[in-house]
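Undergrad: Let me give you the structure first, and then I'll get to my questions.
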Amino acid sequence: MTINTATLEINLRPIRLGFLVDPVDRQALSEVARVATCQWGGIACPMIPVMDALPPAWCDANLPNPDPNELTLGLLRYFEPDLLVETCAGQLDRVDPNAGDRYERHPDLGHGAFAQAKGAKCTMRDVGVTMDHVYAYLHQKEFQFERRTPRRLLRFEGGDEVGQAFFEMAYGVFPDRTDLAGIAETYERAFDAQAATPDVETWRVMEQLEAICPFDVSLHGTERLFQNLWEEKIFIFDPLSGPDVIDFWNLRLFQRDVVPVNVHWLEGSRDVVVDLIRRKYRPLPNNAHGVMISTTIQLGRSLDPEIIKTLRLSEAGLPDRSYAIKTWYDPIWQLDDPGPFRRPEPSHLSAERRDVEVPLDDRWTVRVPHIAPPYLRQTRSLNAGWVNTISPKYYGFNDDRADAMPSAAVGRSRAYPPSSIMMDQRPTREGWLTFHSYDQDGHSIRLPFMRDVAIAWLAAQGIEALPSDAGRVADSMLTALGGLNRCRVIGHEAILGQFDRMAHTRRDRGDGEIEDVPFRTATFDQLQPMLRAIGTLWGRPATLQPFVDIGALRLGLSIQCDRCGKWNWYDLDQVGAQVTCERCLSVFSFPQGQLPPRTAWRYRVIGPYAVPNLAGGAYTCLLTLNFLRQAFGMAPAMTFTSALDLTKGGERLETDFFAWHDRDLGGCRLAGPNLLVGECKGFAEDAFKQADVDRLRRLGEWLPGAYLIAACLKSVLSDEEKRRLVDLCQWGWARPRTDGNPASPVIVITGADLFDPDGMERRLERMPDPGDTAKSGLWSLLEFAAATQKGYLHLSDEDITEMRYGRQFDVRE
């Protein structure tokens, strides 16, 4: 299907640096915080710990602790930094062997950014936008004029070790570095900033919103978008503890307005904390049920929970349930199978947004405008200064261009996405990332085609992929249909049965011999039972015209050869005064002496619909893909391709379809789009044989975390098929316990789904034993997998729970 236009949402934001740090190297953490003070958007740059062992503060005796390397990789995937900066030599290569790619590591930056190693060509002034440009811009636009209500800006100097350590993390302290020299002086001159000592009294001033600090200015011009709009948070931590500092720093990247409290000043902080709790306890806006906003007091993991008694909150007369105590940290590094707890989504930065509609044709490349910050209008160095993220939104249903794509922010390889497909674009959860270093009118991007992206990604997994014969048939049918959403035209058992009977031109005689039979055609009267079975199509009585429109049926004349007696079928374009017999190739005159009888006008299936055996599986493939895209009541982003032949290490497999399904609800995009692979069958009594189930399992081994789709056109599975699929379900759910890989949930789809025009909720209501899913609705593919297993395989909630978390489940009990 050719898409005429696409809407591209272009977003400008600062570069997001990922600072690789040792959690026990407190001096390096201090340097990171001070460098971030000098960067536009620096407070939104995460700290990524790299370590050989977890610090004691992060170890929990009652819960399984993450492997240090898995925690590092999980945080990288969660925050998706644009560039990585190491604070100790060797960290970058340890985190990602492919970090030498220019998207992952700024040339010659690395360790030189902190230690100023000999020979380093770049410093922190050569990446991002340093704050001296922002200060000069603000002075020119705002602060050089006298305001009716003056604003008070502070710079922090002096104080003891505890005060400095706390303020550099909470409010921003400038570094003493030659490569960033002059930024502190520019701040002081631009805003007439007043010196303040980092102590508890200055902390009171800051938390009572009586002054502005350097970190406040570092986000100038940007909007921070959080998942939770109303949650209030107070974080008590030890600024001398490296693990606590990292927890606090990163907490602000997914929690709004975190109030920092220094545990060393806890007694002197009591009045401010009590006042904050009382002031923030208020009704939730636009809520008619009396829900109140409360405050969560979170403790740093290095602290003894008993330390909270120092605040004597029980003596403060606070309203009941106005606050809660939290001693654990959200496991944001866990991206797979979150279970009952949803992880918060990281905040998004936006300095400017613009929607652009671009025309599409068969070419890949389109021209889009470039958005630059207002601080730099002259050409700067060719190093990365800021980024634009581009999110494509296609009108209608997209069957051509890729929109849902796995992120390449971490673990990027040269295979995915290759420059031949996406130029300098980098797919991330935010959209396609492009780096920029100077203001310009625009730049070119590519809107990649689905199959090209899928084959490139598989190549990065060490899997060679090529379209199979069945895939080519499905592609031809998709083109003939005019789009996946028009599959509804053929979504009826009577239609597929009739077309398949007309497609078979060879017959098994039963004695091992195969004989040709005449092209199977049908008169208008012979097609009436099919139309009566359909009833209505799009609210109107069914006719043959829609099937002519999609290129499935063609009208022609049947004429008998006057030499060999064979009956021939000619479409309307072939009918002439002279026609050729298909068997004996003799030319004979078309009989014009009398009108042909009514039965001579006959329809024939053509093109991909004429391929025997249910169009080589194309019907099931396309109906299943369309069902998955529309099953949740809204069309998610979905990138798909029909059947592929896969080769890995000399072994060959086939998948009947390959798709990424991006269901963006409630922060579910943290792990990226869901990968779907499938086995598609027809109406056979024993459709899913053991070899088919084994193939699905092998696909799950090749592609850990993929959803395994078992789809067929029939509505009832045999007992043997159920037993085989239950075995597969047990293996798929149990994967996290056995080999550390993500689960491979099984989704069972039958003709009851594919041929039902009503919608997911009605289907669930009619599904045998759906449990509570029909009442609560579906919010994820994971829930849908469990619902189909209960409905079609007769598993109970307890069975599925045992498969996922409990004892070994015996499918034969």
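Chains: A, B, ... in order of the structure tokens. Residues: from 1 per chain. Ligands: from 1, in order shown.
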Env of segment 647-653 of chain A: 8 Å cut, atoms = only C-alpha atoms, seq-sep filter 4 positions within chain, self excluded. Answer as number ranges by chain.
TA: A: 462-465, 695, 699
Undergrad: List every residue of segment 398-572 of chain A that DSSP, applied to the backbone of this structure, assigns to alpha helix (DSSP H), and report them as a ChimeraX atom specification.
TA: /A:419-422,450-460,469-481,493-503,528-534,545-549
Undergrad: Near Asp549 of chain A, within 10 Å and counting only C-alpha atoms, which residues show up once chain neighbours fewer than 4 positions away are dropped, as a list of chain:residue names?
TA: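 Residues near the query, excluding close chain neighbours: A:Ala480, A:Leu481, A:Gly482, A:Leu544, A:Gln545, A:Leu553, A:Arg554.
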Undergrad: As a VMD selection string, please: the residues near segment 361-374 of chain A (cut-off 10 Å, only C-alpha atoms, same-chain neighbours under 4 positions excluded).
TA: chain A and resid 2 to 5 8 10 to 14 129 133 to 134 137 221 351 to 357 385 to 390 400 to 401 421 to 423 434 436 to 449
Undergrad: Rounded to one decimal in Å, what is the spacing between atom CA of Leu349 of chain A and atom CA of Ala36 of chain A?
TA: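 Interatomic distance, atom CA of Leu349 of chain A to atom CA of Ala36 of chain A: 15.6 Å.
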Undergrad: Just list as a ChimeraX atom specification whatever in segment 182-402 of chain A DSSP marks as strand (DSSP E).
TA: /A:194-196,223-225,232-237,258-262,282-283,292-293,295-299,323-326,348-350,352-359,365-369,386-394
Undergrad: Write out as an mmCIF file with C-alpha atoms, in the first residue's frame which residues come within 10 Å of Tyr323 of chain A when counting only C-alpha atoms, dropping same-chain ones fewer than 4 positions away.
TA:
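Saved as out-v2.cif:
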```
data_model
loop_
_atom_site.group_PDB
_atom_site.id
_atom_site.type_symbol
_atom_site.label_atom_id
_atom_site.label_comp_id
_atom_site.auth_asym_id
_atom_site.auth_seq_id
_atom_site.Cartn_x
_atom_site.Cartn_y
_atom_site.Cartn_z
ATOM 1 C CA GLU A 232 5.232 14.157 45.847
ATOM 2 C CA LYS A 233 8.624 12.842 46.927
ATOM 3 C CA ILE A 234 11.121 13.677 49.699
ATOM 4 C CA VAL A 274 6.644 18.805 58.168
ATOM 5 C CA ILE A 277 3.985 17.292 53.937
ATOM 6 C CA ARG A 278 1.158 19.426 55.303
ATOM 7 C CA LYS A 280 1.225 19.113 49.702
ATOM 8 C CA TYR A 281 -1.603 17.102 51.265
ATOM 9 C CA ILE A 293 -2.219 13.710 47.230
ATOM 10 C CA SER A 294 0.208 12.393 49.817
ATOM 11 C CA THR A 295 3.982 12.601 50.164
ATOM 12 C CA THR A 296 6.381 9.667 49.967
ATOM 13 C CA ILE A 297 9.459 9.979 52.162
ATOM 14 C CA LEU A 313 6.582 13.003 62.470
ATOM 15 C CA LEU A 318 -0.059 15.621 60.414
ATOM 16 C CA PRO A 319 -3.276 14.323 58.783
#
```
Undergrad: Which polymer residues have any atom within 8 Å of an atom of segment 195-208 of chain A, counting only C-alpha atoms, with same-chain residues fewer than 2 positions away left out, as a list in words?
TA: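 My reading of the contact set: Leu154, Arg155, Phe156, Glu157, Gly158, Gly159, Asp160, Gly163, Gln164, Phe166, Phe167, Ala193, Glu210, Ala211, Ile212, Cys213, Val259, Trp265, Gly268, Ser269 and Val272 of chain A.
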Undergrad: With only C-alpha atoms as the atoms that count, which of A:Met803, A:Val748, A:Leu496, A:Val358 lies nearest to Gly791 of chain A?
TA: A:Val748
Undergrad: Contacts of Gly74 of chain A at 12 Å or less, counting only C-alpha atoms, minus same-chain residues fewer than 5 places along, as number ranges by chain?
TA: A: 48-50, 66-69, 79-80, 95, 331-336, 410-411, 670-671
Undergrad: Restricting it to N, CA, C and O atoms, dump the selection as a CSV table (one decimal), in the first residue's frame.
TA:
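selection-v4.csv, freshly written:
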```
chain,number,residue,atom,x,y,z
A,48,ILE,N,25.6,6.2,35.4
A,48,ILE,CA,25.5,4.8,35.1
A,48,ILE,C,26.6,4.1,35.9
A,48,ILE,O,27.8,4.3,35.5
A,49,PRO,N,26.3,3.4,36.9
A,49,PRO,CA,27.4,2.7,37.7
A,49,PRO,C,28.0,1.6,36.9
A,49,PRO,O,27.3,0.8,36.3
A,50,VAL,N,29.4,1.5,37.0
A,50,VAL,CA,30.1,0.4,36.4
A,50,VAL,C,31.0,-0.2,37.5
A,50,VAL,O,31.8,0.6,38.1
A,66,PRO,N,20.7,-8.1,41.7
A,66,PRO,CA,21.1,-8.1,40.3
A,66,PRO,C,22.6,-8.3,40.1
A,66,PRO,O,23.4,-7.9,41.0
A,67,ASP,N,23.0,-9.0,39.1
A,67,ASP,CA,24.4,-9.0,38.7
A,67,ASP,C,24.9,-7.6,38.4
A,67,ASP,O,24.1,-6.8,37.7
A,68,PRO,N,26.1,-7.2,38.8
A,68,PRO,CA,26.5,-5.8,38.5
A,68,PRO,C,26.5,-5.4,37.1
A,68,PRO,O,26.1,-4.3,36.7
A,69,ASN,N,26.9,-6.3,36.2
A,69,ASN,CA,26.9,-6.0,34.7
A,69,ASN,C,25.5,-5.9,34.2
A,69,ASN,O,25.2,-5.1,33.4
A,79,PHE,N,17.7,4.5,30.5
A,79,PHE,CA,17.9,5.9,30.3
A,79,PHE,C,18.2,6.2,28.8
A,79,PHE,O,18.0,7.4,28.4
A,80,GLU,N,18.8,5.3,28.1
A,80,GLU,CA,19.2,5.5,26.7
A,80,GLU,C,20.0,6.8,26.5
A,80,GLU,O,19.6,7.7,25.8
A,95,VAL,N,31.6,-1.7,29.1
A,95,VAL,CA,30.1,-1.6,29.0
A,95,VAL,C,29.6,-2.0,27.6
A,95,VAL,O,28.6,-2.7,27.5
A,331,PRO,N,13.2,-0.8,41.0
A,331,PRO,CA,14.1,-1.6,40.1
A,331,PRO,C,14.0,-1.2,38.7
A,331,PRO,O,13.6,-2.0,37.8
A,332,ILE,N,14.4,0.0,38.4
A,332,ILE,CA,14.3,0.5,37.0
A,332,ILE,C,15.2,-0.2,36.0
A,332,ILE,O,15.0,-0.1,34.8
A,333,TRP,N,16.2,-1.0,36.5
A,333,TRP,CA,17.1,-1.7,35.6
A,333,TRP,C,16.4,-3.0,35.1
A,333,TRP,O,17.0,-3.6,34.2
A,334,GLN,N,15.3,-3.4,35.7
A,334,GLN,CA,14.7,-4.6,35.2
A,334,GLN,C,13.6,-4.2,34.1
A,334,GLN,O,12.7,-3.6,34.4
A,335,LEU,N,13.9,-4.7,32.9
A,335,LEU,CA,13.1,-4.3,31.8
A,335,LEU,C,12.2,-5.4,31.3
A,335,LEU,O,11.3,-5.2,30.5
A,336,ASP,N,12.4,-6.7,31.7
A,336,ASP,CA,11.7,-7.8,31.2
A,336,ASP,C,10.8,-8.4,32.3
A,336,ASP,O,11.2,-8.5,33.4
A,410,VAL,N,21.6,1.2,22.8
A,410,VAL,CA,22.6,0.4,23.5
A,410,VAL,C,22.9,-0.8,22.7
A,410,VAL,O,22.1,-1.4,22.1
A,411,GLY,N,24.2,-1.2,22.8
A,411,GLY,CA,24.6,-2.4,22.1
A,411,GLY,C,24.5,-2.3,20.6
A,411,GLY,O,24.2,-3.3,19.9
A,670,LEU,N,9.1,0.7,27.9
A,670,LEU,CA,10.4,0.6,28.5
A,670,LEU,C,11.3,-0.4,27.8
A,670,LEU,O,12.5,-0.2,27.7
A,671,ALA,N,10.7,-1.6,27.5
A,671,ALA,CA,11.5,-2.6,26.9
A,671,ALA,C,11.4,-2.6,25.4
A,671,ALA,O,11.9,-3.5,24.7
```
Undergrad: A:Ile43, A:Ala53, A:Val473, A:Ala631: which is nearest Ala618 of chain A, counting only C-alpha atoms?
TA: A:Val473
